[in-house]
$ cat final.txt   # compact mmCIF, C-alpha atoms and all ligand atoms
# COMPACT_ATOMS: atom_id res chain seq x y z
CA MET S 235 89.74 89.25 54.72
CA ASP S 236 92.57 87.97 56.92
CA LYS S 237 93.22 84.81 54.96
CA ALA S 238 93.02 86.38 51.52
CA ILE S 239 95.37 85.04 48.87
CA VAL S 240 96.59 87.95 46.77
CA THR S 241 98.21 87.63 43.35
CA VAL S 242 100.43 90.54 42.28
CA THR S 243 101.59 90.61 38.65
CA GLY S 244 105.05 92.00 37.85
CA GLY S 245 106.32 91.73 41.42
CA THR S 246 109.87 92.71 40.44
CA GLY S 247 108.76 96.24 39.53
CA TYR S 248 109.44 99.45 41.45
CA ILE S 249 105.80 99.93 42.54
CA ALA S 250 104.87 96.25 42.84
CA SER S 251 107.81 95.59 45.18
CA TRP S 252 106.30 98.02 47.68
CA ILE S 253 102.87 96.43 47.24
CA VAL S 254 104.33 92.97 47.93
CA HIS S 255 106.28 94.42 50.89
CA ASP S 256 103.10 95.87 52.44
CA LEU S 257 101.06 92.72 51.86
CA LEU S 258 103.75 90.51 53.43
CA GLN S 259 104.09 92.84 56.40
CA GLU S 260 100.34 92.63 56.91
CA GLY S 261 100.51 88.83 56.88
CA TYR S 262 98.93 88.00 53.54
CA ASP S 263 99.63 84.98 51.41
CA VAL S 264 101.14 86.61 48.31
CA ARG S 265 101.61 85.05 44.90
CA MET S 266 103.84 87.15 42.74
CA THR S 267 104.45 86.72 39.03
CA VAL S 268 107.82 87.42 37.41
CA ARG S 269 108.81 87.08 33.79
CA ASP S 270 111.81 84.88 34.44
CA LYS S 271 111.99 82.93 37.67
CA SER S 272 115.67 82.11 37.17
CA LYS S 273 116.59 85.82 37.52
CA THR S 274 116.53 85.60 41.31
CA ASP S 275 118.47 88.86 41.73
CA LYS S 276 115.33 90.70 40.55
CA TYR S 277 113.29 89.50 43.52
CA ALA S 278 115.87 88.54 46.20
CA HIS S 279 114.84 91.67 48.17
CA LEU S 280 111.29 90.34 48.44
CA LEU S 281 112.42 86.94 49.71
CA GLU S 282 114.36 88.80 52.38
CA ILE S 283 111.27 90.84 53.29
CA GLU S 284 109.27 87.59 53.48
CA ASN S 285 111.78 86.25 56.04
CA ASN S 286 111.03 89.21 58.30
CA SER S 287 107.26 89.23 57.80
CA SER S 288 104.30 87.15 58.88
CA GLY S 289 103.14 86.77 55.25
CA LYS S 290 104.08 84.05 52.78
CA LEU S 291 105.47 84.62 49.28
CA SER S 292 105.25 82.26 46.30
CA ILE S 293 106.79 83.00 42.92
CA TYR S 294 105.14 82.15 39.60
CA GLU S 295 106.39 82.68 36.07
CA ALA S 296 104.12 84.60 33.67
CA ASP S 297 104.46 86.78 30.59
CA LEU S 298 101.90 89.36 29.45
CA ASN S 299 102.32 88.21 25.85
CA GLU S 300 101.48 84.57 26.56
CA GLU S 301 97.87 83.47 26.58
CA GLY S 302 97.02 81.45 29.71
CA SER S 303 100.28 82.46 31.35
CA PHE S 304 98.65 83.84 34.53
CA ASP S 305 96.15 81.00 35.06
CA GLU S 306 98.20 79.11 37.64
CA ALA S 307 99.13 82.18 39.72
CA ILE S 308 95.53 83.38 39.82
CA SER S 309 93.71 80.06 40.32
CA GLY S 310 92.47 80.05 43.95
CA ALA S 311 93.37 83.71 44.64
CA HIS S 312 90.85 86.12 46.17
CA ILE S 313 92.37 89.38 45.06
CA VAL S 314 94.42 90.17 41.95
CA MET S 315 96.57 93.27 41.67
CA HIS S 316 97.64 93.72 38.06
CA THR S 317 100.63 96.04 37.94
CA ALA S 318 102.84 94.45 35.23
CA SER S 319 103.02 96.60 32.13
CA PRO S 320 105.91 97.97 30.09
CA PHE S 321 106.75 101.49 31.26
CA PHE S 322 109.11 103.53 29.11
CA LEU S 323 108.74 106.85 27.34
CA ASP S 324 111.11 106.38 24.39
CA ASP S 325 108.40 105.05 22.11
CA LYS S 326 109.74 105.41 18.61
CA ASP S 327 110.71 101.79 17.96
CA ASN S 328 107.62 99.63 17.31
CA PRO S 329 105.38 100.98 20.10
CA LYS S 330 102.57 98.58 19.16
CA LYS S 331 104.68 95.49 19.80
CA LYS S 332 106.66 96.85 22.74
CA LEU S 333 104.07 98.89 24.62
CA VAL S 334 100.47 98.59 23.49
CA ASP S 335 100.18 94.85 22.79
CA PRO S 336 101.70 93.68 26.10
CA ALA S 337 99.64 96.27 28.04
CA VAL S 338 96.30 95.50 26.38
CA ASN S 339 96.66 91.78 25.60
CA GLY S 340 98.38 91.27 28.95
CA THR S 341 95.44 92.86 30.79
CA LYS S 342 93.01 90.67 28.85
CA ASN S 343 95.13 87.57 29.65
CA VAL S 344 95.13 88.40 33.34
CA LEU S 345 91.37 89.03 33.37
CA ARG S 346 90.65 85.83 31.43
CA ALA S 347 92.54 84.01 34.21
CA VAL S 348 90.43 85.93 36.76
CA ASN S 349 87.26 84.80 34.94
CA LYS S 350 88.41 81.18 35.20
CA ALA S 351 89.21 81.43 38.93
CA GLU S 352 85.92 81.22 40.83
CA THR S 353 87.56 82.57 44.00
CA VAL S 354 88.51 86.10 42.80
CA ARG S 355 86.30 88.90 44.15
CA ARG S 356 88.32 92.04 43.45
CA VAL S 357 90.83 93.13 40.82
CA VAL S 358 92.96 96.21 41.38
CA LEU S 359 94.50 97.46 38.15
CA THR S 360 97.47 99.81 38.16
CA SER S 361 96.34 102.31 35.58
CA SER S 362 97.84 105.80 35.51
CA LEU S 363 97.12 109.51 35.24
CA ALA S 364 98.28 108.78 31.67
CA ALA S 365 94.84 107.21 31.12
CA ILE S 366 93.26 110.49 32.29
CA TYR S 367 95.27 112.97 30.23
CA GLY S 368 97.63 112.71 27.28
CA ASP S 369 99.32 116.09 26.90
CA ASN S 370 99.63 118.73 29.61
CA GLN S 371 97.62 121.13 27.46
CA ASP S 372 94.58 118.80 27.59
CA MET S 373 93.57 119.90 31.09
CA SER S 374 93.30 123.64 30.45
CA MET S 375 92.14 123.27 26.84
CA ASN S 376 89.21 121.17 28.05
CA GLY S 377 88.33 123.83 30.63
CA HIS S 378 89.39 121.85 33.71
CA ASN S 379 91.22 123.31 36.73
CA ALA S 380 92.28 119.86 37.90
CA LEU S 381 92.30 116.27 36.63
CA THR S 382 89.59 114.05 38.12
CA GLU S 383 88.54 110.41 37.80
CA GLU S 384 85.76 111.47 35.41
CA ILE S 385 88.21 112.42 32.67
CA TRP S 386 89.66 110.08 30.02
CA ASN S 387 92.69 110.55 27.84
CA THR S 388 91.38 111.12 24.32
CA THR S 389 94.51 112.54 22.68
CA SER S 390 97.13 109.78 22.79
CA SER S 391 97.70 107.34 19.94
CA LEU S 392 100.29 104.88 18.65
CA ASP S 393 102.10 107.81 17.04
CA HIS S 394 101.87 110.30 19.90
CA ASN S 395 102.44 109.41 23.59
CA ALA S 396 102.28 105.66 22.94
CA TYR S 397 102.84 104.78 26.62
CA SER S 398 99.80 106.86 27.62
CA PHE S 399 97.85 105.21 24.80
CA SER S 400 98.87 101.76 26.09
CA LYS S 401 97.58 102.60 29.59
CA THR S 402 94.31 104.07 28.27
CA GLU S 403 93.55 101.12 26.00
CA ALA S 404 94.49 98.58 28.69
CA GLU S 405 92.17 100.25 31.20
CA LYS S 406 89.31 100.43 28.69
CA ALA S 407 89.73 96.70 27.98
CA ALA S 408 89.63 96.00 31.72
CA TRP S 409 86.39 97.95 32.26
CA THR S 410 84.77 96.18 29.30
CA MET S 411 85.63 92.76 30.75
CA ALA S 412 84.60 93.81 34.27
CA LYS S 413 81.16 94.86 33.02
CA GLU S 414 80.61 91.52 31.28
CA GLN S 415 80.37 89.65 34.60
CA SER S 416 79.28 90.24 38.22
CA ARG S 417 81.52 88.04 40.41
CA TRP S 418 84.52 90.36 40.72
CA SER S 419 84.70 94.12 40.94
CA LEU S 420 87.37 96.25 39.28
CA VAL S 421 89.05 99.20 40.97
CA THR S 422 91.69 101.18 39.09
CA ILE S 423 94.58 103.14 40.59
CA HIS S 424 95.93 106.24 38.84
CA PRO S 425 99.38 107.33 40.03
CA GLY S 426 101.11 110.38 38.60
CA PHE S 427 104.87 110.35 38.13
CA VAL S 428 106.06 108.04 40.90
CA LEU S 429 109.15 108.78 42.97
CA GLY S 430 110.31 107.73 46.43
CA PRO S 431 112.75 105.17 47.83
CA SER S 432 113.14 101.94 45.91
CA LEU S 433 113.38 98.56 47.62
CA THR S 434 116.03 97.47 45.12
CA THR S 435 119.19 98.83 43.54
CA ARG S 436 117.68 98.37 40.05
CA LYS S 437 118.22 101.40 37.86
CA ASP S 438 116.18 100.37 34.81
CA SER S 439 112.83 101.62 36.07
CA THR S 440 111.79 104.87 34.31
CA SER S 441 110.97 106.65 37.59
CA ILE S 442 114.39 105.88 39.07
CA GLU S 443 116.25 106.62 35.84
CA THR S 444 114.68 110.09 35.72
CA LEU S 445 115.83 111.07 39.21
CA LEU S 446 119.29 109.59 38.56
CA ARG S 447 119.62 111.62 35.34
CA LEU S 448 118.76 114.78 37.26
CA LEU S 449 121.32 113.98 39.98
CA HIS S 450 124.00 113.06 37.44
CA GLY S 451 123.76 116.54 35.95
CA ASP S 452 122.09 115.64 32.63
CA LEU S 453 119.90 118.76 32.94
CA SER S 454 122.52 121.06 34.48
CA MET S 455 122.15 123.52 31.57
CA GLY S 456 118.44 123.90 32.25
CA ALA S 457 115.23 121.91 32.62
CA PRO S 458 112.11 121.97 30.46
CA LYS S 459 109.22 123.91 31.98
CA LEU S 460 107.22 120.72 32.21
CA GLU S 461 104.74 120.13 35.02
CA PHE S 462 104.32 116.70 36.58
CA ILE S 463 101.92 115.39 39.18
CA PHE S 464 103.99 113.39 41.62
CA SER S 465 103.09 110.32 43.67
CA ASP S 466 105.11 108.73 46.44
CA VAL S 467 105.73 105.04 45.67
CA ARG S 468 104.75 104.10 49.26
CA ASP S 469 101.46 106.01 48.93
CA VAL S 470 100.77 104.25 45.63
CA ALA S 471 101.31 100.84 47.25
CA ARG S 472 99.07 101.83 50.17
CA GLY S 473 96.41 102.95 47.68
CA HIS S 474 96.45 99.48 46.09
CA LEU S 475 95.90 97.78 49.47
CA LEU S 476 93.11 100.19 50.43
CA ALA S 477 91.44 99.65 47.06
CA ALA S 478 91.69 95.88 47.54
CA PHE S 479 90.43 95.67 51.11
CA THR S 480 87.89 98.52 51.28
CA HIS S 481 84.68 96.68 50.45
CA GLN S 482 82.86 99.75 49.08
CA ALA S 483 85.80 100.97 46.95
CA LYS S 484 84.45 101.61 43.46
CA GLY S 485 85.69 102.87 40.11
CA ARG S 486 88.82 104.90 39.48
CA TYR S 487 91.08 106.49 42.13
CA ILE S 488 93.72 109.12 41.51
CA ILE S 489 96.57 108.34 43.92
CA ALA S 490 98.77 111.36 43.38
CA ASN S 491 99.61 114.40 45.36
CA GLU S 492 101.45 117.57 44.43
CA SER S 493 102.23 119.03 41.04
CA GLY S 494 105.61 120.53 40.33
CA ASN S 495 108.46 120.56 37.85
CA LEU S 496 112.07 119.44 37.83
CA LEU S 497 113.25 122.83 39.20
CA ASP S 498 110.99 122.30 42.24
CA VAL S 499 112.53 118.84 42.72
CA SER S 500 116.06 120.27 42.26
CA LYS S 501 115.42 123.01 44.83
CA ILE S 502 114.40 120.42 47.44
CA ILE S 503 117.61 118.46 46.80
CA GLU S 504 119.84 121.56 46.71
CA GLU S 505 118.59 122.75 50.09
CA GLU S 506 119.46 119.42 51.71
CA TYR S 507 122.72 118.79 49.81
CA PRO S 508 124.08 122.23 48.83
CA SER S 509 126.29 122.14 45.70
CA GLU S 510 126.66 118.34 45.79
CA TYR S 511 124.89 117.77 42.48
CA LYS S 512 124.88 119.64 39.15
CA LEU S 513 121.18 120.45 39.29
CA PRO S 514 119.35 122.73 36.85
CA LYS S 515 118.79 126.29 38.10
CA ARG S 516 116.74 127.64 35.19
CA PHE S 517 114.17 126.63 32.61
CA VAL S 518 115.13 126.15 28.97
CA ALA S 519 113.08 128.53 26.80
CA LYS S 520 110.24 126.76 24.99
CA TRP S 521 111.42 127.90 21.54
CA LEU S 522 114.86 126.41 22.25
CA MET S 523 113.32 123.17 23.54
CA TRP S 524 111.23 123.04 20.37
CA LEU S 525 114.32 123.55 18.23
CA LEU S 526 116.40 120.97 20.08
CA ALA S 527 113.58 118.47 20.59
CA PRO S 528 114.62 115.79 18.05
CA THR S 529 118.21 115.77 19.36
CA ILE S 530 117.17 115.26 23.00
CA GLY S 531 114.59 112.53 22.54
CA PHE S 532 111.37 114.58 22.31
CA THR S 533 109.15 115.31 19.32
CA ARG S 534 108.37 118.94 18.48
CA THR S 535 104.67 118.12 18.85
CA PHE S 536 105.33 116.95 22.40
CA VAL S 537 107.15 120.18 23.26
CA LYS S 538 104.37 122.27 21.72
CA LYS S 539 101.57 120.50 23.62
CA ASN S 540 103.28 120.01 26.98
CA VAL S 541 105.89 122.63 27.84
CA GLY S 542 104.55 125.58 29.82
CA TYR S 543 101.08 124.24 30.64
CA PRO S 544 99.86 123.92 34.26
CA LEU S 545 98.76 120.59 35.72
CA ALA S 546 96.85 119.77 38.90
CA CYS S 547 94.84 116.84 40.18
CA ASP S 548 91.98 116.36 42.60
CA HIS S 549 92.63 113.34 44.84
CA SER S 550 89.67 113.99 47.15
CA LYS S 551 87.86 110.76 46.11
CA SER S 552 90.76 108.68 47.48
CA VAL S 553 90.75 110.66 50.74
CA ALA S 554 86.98 110.45 51.20
CA GLU S 555 86.46 106.81 50.18
CA LEU S 556 89.79 105.11 50.96
CA ASN S 557 91.06 107.32 53.81
CA MET S 558 94.23 107.93 51.83
CA GLU S 559 96.88 110.11 53.44
CA TYR S 560 99.65 111.63 51.34
CA ARG S 561 103.31 112.32 52.00
CA PRO S 562 104.56 115.77 51.01
CA LEU S 563 106.75 115.94 47.87
CA GLU S 564 109.73 117.08 49.94
CA LYS S 565 109.70 113.84 51.94
CA THR S 566 109.30 111.73 48.79
CA ILE S 567 112.30 113.34 47.11
CA LEU S 568 114.60 113.43 50.14
CA ASN S 569 113.81 109.82 51.10
CA HIS S 570 114.50 108.77 47.51
CA VAL S 571 117.83 110.60 47.32
CA LYS S 572 118.82 109.15 50.69
CA GLN S 573 118.13 105.61 49.41
CA LEU S 574 120.14 106.23 46.22
CA ARG S 575 123.06 107.51 48.35
CA GLN S 576 122.85 104.59 50.79
CA ASP S 577 122.83 102.12 47.89
CA GLU S 578 125.78 104.00 46.34
CA LEU S 579 123.90 104.62 43.10
CA ILE S 580 124.93 108.29 43.13
P1 LIG W 601 108.81 98.92 36.40
O1 LIG W 601 109.67 99.03 37.61
O2 LIG W 601 109.45 99.10 35.07
O3 LIG W 601 108.07 97.53 36.46
C1 LIG W 601 107.35 97.04 35.38
C2 LIG W 601 106.97 95.61 35.67
O4 LIG W 601 106.25 95.07 34.56
C3 LIG W 601 108.20 94.72 35.88
O5 LIG W 601 107.92 93.84 36.93
C4 LIG W 601 108.30 93.97 34.56
O6 LIG W 601 108.87 92.69 34.69
C5 LIG W 601 106.82 93.84 34.21
N1 LIG W 601 106.67 93.54 32.78
C6 LIG W 601 106.99 94.33 31.73
N2 LIG W 601 106.74 93.69 30.58
C7 LIG W 601 106.27 92.45 30.92
C8 LIG W 601 105.84 91.31 30.20
N3 LIG W 601 105.85 91.26 28.85
N4 LIG W 601 105.40 90.23 30.89
C9 LIG W 601 105.38 90.22 32.25
N5 LIG W 601 105.80 91.28 33.00
C10 LIG W 601 106.23 92.36 32.33
O7 LIG W 601 107.60 99.94 36.44
P2 LIG W 601 106.79 100.62 37.62
O8 LIG W 601 107.17 102.04 37.62
O9 LIG W 601 106.87 99.82 38.86
O10 LIG W 601 105.32 100.50 37.00
C11 LIG W 601 104.42 99.49 37.42
C12 LIG W 601 103.05 99.82 36.91
O11 LIG W 601 102.68 101.12 37.35
C13 LIG W 601 102.90 99.83 35.39
O12 LIG W 601 101.62 99.35 35.07
C14 LIG W 601 102.98 101.32 35.05
O13 LIG W 601 102.33 101.62 33.85
C15 LIG W 601 102.26 101.91 36.25
N6 LIG W 601 102.58 103.32 36.53
C16 LIG W 601 103.86 103.69 36.81
C17 LIG W 601 104.12 105.03 37.10
C18 LIG W 601 105.50 105.51 37.43
O14 LIG W 601 105.74 106.73 37.44
N7 LIG W 601 106.44 104.63 37.77
C19 LIG W 601 103.09 105.96 37.07
C20 LIG W 601 101.79 105.54 36.78
C21 LIG W 601 101.55 104.20 36.52
P3 LIG W 601 110.46 92.46 34.48
O15 LIG W 601 111.09 92.69 35.83
O16 LIG W 601 110.55 91.04 34.04
O17 LIG W 601 110.93 93.44 33.46
$ encode --input "final.txt" --output "structure tokens"
Amino acid sequence: MDKAIVTVTGGTGYIASWIVHDLLQEGYDVRMTVRDKSKTDKYAHLLEIENNSSGKLSIYEADLNEEGSFDEAISGAHIVMHTASPFFLDDKDNPKKKLVDPAVNGTKNVLRAVNKAETVRRVVLTSSLAAIYGDNQDMSMNGHNALTEEIWNTTSSLDHNAYSFSKTEAEKAAWTMAKEQSRWSLVTIHPGFVLGPSLTTRKDSTSIETLLRLLHGDLSMGAPKLEFIFSDVRDVARGHLLAAFTHQAKGRYIIANESGNLLDVSKIIEEEYPSEYKLPKRFVAKWLMWLLAPTIGFTRTFVKKNVGYPLACDHSKSVAELNMEYRPLEKTILNHVKQLRQDELI
């Protein structure tokens, strides 16, 4: 599909920027939506990439909360990649309005625009591992050794892990709408916790904030024994393109690689930059985490259900069906730290 017109929602984002980058480099005609077109600093990096690519970039304004907002950007497109969604973990203040409504209603808005545009054949939705599991304990308590595409998050709610709930409900809404028609097919992408070099100097993306907090010494007294499954942002972008352009791609794809915790990440950084950062060297005991939870932004329920549980994922479907190749965690972390240093953010 050499001449495909691809619409990417939320192009200013950490992940979407890499998707737009890859599409432009491969010569596609990319339509990108942003919330506020006048904030050119949020997408100046992509205009620069366009200048050095064979692809063409057009900017459209759209908001997840506004009905009909995506119609113009999607009309005439062949592929839609829906990545825009609020991503933050501090979910105490009105999670319905700030997280769940924009995620779910926004997905429905985008797909209603897709239904109106006769040209669209494929929609790639950026879902998450958060739509596969809610708490770390879910995997072992349900008798699984690894997370797979077959599993759904059944434990998150508005009151507990609202971000994960927003991703689960948005994905469910997307599958419902996909099954109501036969013109376009839906493929969903499930990254873990995404790290890796950013194309911008923005610091307000949760992934980037987390690594910056670690490097700034916020966890120097100790890190929670909390497992993550990491994804490299460049692999995630690649996964979106493969899902869009592989005709037989079908269903859900986990695009994530290694599991590990913040001590594993710290060790990788310490070996490359000895004693340059105040990195954690030990875990905080679970009972202490539980005690301190409310003062450090966690709930005690979260600590109870997440700290100390193993996590793993099986990404073999993406390798077999999309030919995905994954970067090792070490490369992801070191490339990310290098970018933060070059951009003088640390
Ligand atoms: P990000 O950098 O915070 O980007 C989020 C994007 O969503 C921004 O472009 C933002 O636009 C847009 N957005 C938020 N609310 C909006 C609204 N009401 N209307 C229109 N656009 C809105 O996040 P990211 O890490 O790249 O995440 C992108 C996607 O990947 C999300 O769907 C997220 O759930 C998913 N994901 C992320 C991770 C991760 O670890 N980063 C893991 C799994 C899945 P503005 O620039 O205008 O704010």
$ residues_near_ligand --input "final.txt" --ligand "ligand LIG 601 (chain W)" --cutoff "6 Å" --atoms "all atoms listed in the file" --output "list of chain:residue names"
S:Gly244, S:Gly245, S:Thr246, S:Gly247, S:Tyr248, S:Ile249, S:Ala250, S:Val268, S:Arg269, S:Ala296, S:Asp297, S:Leu298, S:Asn299, S:Thr317, S:Ala318, S:Ser319, S:Pro320, S:Phe321, S:Pro336, S:Thr360, S:Ser361, S:Ser362, S:Pro425, S:Gly426, S:Phe427, S:Val428, S:Ser439, S:Ser441
$ residues_around --input "final.txt" --residues "stretch 492-500 of chain S" --least-positions-apart "2" --cutoff "8 Å" --atoms "only C-alpha atoms" --output "PyMOL selection string"
chain S and resi 448+457-465+490+502-504+513-517+545-547+562-564+567
$ closest_residue --input "final.txt" --among "S:Glu510, S:Glu443, S:Asp452, S:Asp335" --to "S:Leu579" --atoms "all atoms listed in the file"
S:Glu443
$ atom_distance --input "final.txt" --atom1 "atom CA of S:Leu453" --atom2 "atom CA of S:Phe532"
14.3 Å
$ atom_distance --input "final.txt" --atom1 "atom CA of S:Arg447" --atom2 "atom CA of S:Tyr511"
10.8 Å
$ residues_near_point --input "final.txt" --point "(101.3, 103.5, 24.8)" --cutoff "9 Å" --atoms "only C-alpha atoms" --output "list in words"
Pro320, Phe321, Phe322, Leu323, Asp325, Pro329, Lys330, Lys332, Leu333, Val334, Asp335, Ala337, Ser390, Ser391, Leu392, Asp393, His394, Asn395, Ala396, Tyr397, Ser398, Phe399, Ser400, Lys401, Thr402 and Glu403 of chain S
$ write_last_selection --input "final.txt" --atoms "C-alpha atoms" --output "PDB file, in the frame of the given file"
ATOM      1  CA  PRO S 320     105.910  97.970  30.090  1.00  0.00           C
ATOM      2  CA  PHE S 321     106.750 101.490  31.260  1.00  0.00           C
ATOM      3  CA  PHE S 322     109.110 103.530  29.110  1.00  0.00           C
ATOM      4  CA  LEU S 323     108.740 106.850  27.340  1.00  0.00           C
ATOM      5  CA  ASP S 325     108.400 105.050  22.110  1.00  0.00           C
ATOM      6  CA  PRO S 329     105.380 100.980  20.100  1.00  0.00           C
ATOM      7  CA  LYS S 330     102.570  98.580  19.160  1.00  0.00           C
ATOM      8  CA  LYS S 332     106.660  96.850  22.740  1.00  0.00           C
ATOM      9  CA  LEU S 333     104.070  98.890  24.620  1.00  0.00           C
ATOM     10  CA  VAL S 334     100.470  98.590  23.490  1.00  0.00           C
ATOM     11  CA  ASP S 335     100.180  94.850  22.790  1.00  0.00           C
ATOM     12  CA  ALA S 337      99.640  96.270  28.040  1.00  0.00           C
ATOM     13  CA  SER S 390      97.130 109.780  22.790  1.00  0.00           C
ATOM     14  CA  SER S 391      97.700 107.340  19.940  1.00  0.00           C
ATOM     15  CA  LEU S 392     100.290 104.880  18.650  1.00  0.00           C
ATOM     16  CA  ASP S 393     102.100 107.810  17.040  1.00  0.00           C
ATOM     17  CA  HIS S 394     101.870 110.300  19.900  1.00  0.00           C
ATOM     18  CA  ASN S 395     102.440 109.410  23.590  1.00  0.00           C
ATOM     19  CA  ALA S 396     102.280 105.660  22.940  1.00  0.00           C
ATOM     20  CA  TYR S 397     102.840 104.780  26.620  1.00  0.00           C
ATOM     21  CA  SER S 398      99.800 106.860  27.620  1.00  0.00           C
ATOM     22  CA  PHE S 399      97.850 105.210  24.800  1.00  0.00           C
ATOM     23  CA  SER S 400      98.870 101.760  26.090  1.00  0.00           C
ATOM     24  CA  LYS S 401      97.580 102.600  29.590  1.00  0.00           C
ATOM     25  CA  THR S 402      94.310 104.070  28.270  1.00  0.00           C
ATOM     26  CA  GLU S 403      93.550 101.120  26.000  1.00  0.00           C
TER      27      GLU S 403
END
$ axis_aligned_box --input "final.txt" --around "stretch 500-515 of chain S" --padding-each-side "8 Å" --output "AutoDock Vina command-line options"
--center_x 120.5 --center_y 122.0 --center_z 44.3 --size_x 28.3 --size_y 24.5 --size_z 30.9
$ residues_around --input "final.txt" --residues "S:Thr535" --least-positions-apart "2" --cutoff "12 Å" --atoms "only C-alpha atoms" --output "PyMOL selection string"
chain S and resi 369-371+390+393-395+520+523-525+527-528+531-533+537-541
$ residues_around --input "final.txt" --residues "stretch 380-386 of chain S" --least-positions-apart "3" --cutoff "7 Å" --atoms "all atoms listed in the file" --output "list of chain:residue names"
S:Ala365, S:Ile366, S:Tyr367, S:Met373, S:Arg486, S:Tyr487, S:Ile488, S:Leu545, S:Ala546, S:Cys547, S:Asp548
$ atom_distance --input "final.txt" --atom1 "atom CA of S:Leu522" --atom2 "atom CA of S:Gly451"
19.1 Å
$ closest_residue --input "final.txt" --among "S:Lys237, S:Lys406, S:His312, S:Arg561" --to "S:Leu359" --atoms "only C-alpha atoms"
S:Lys406
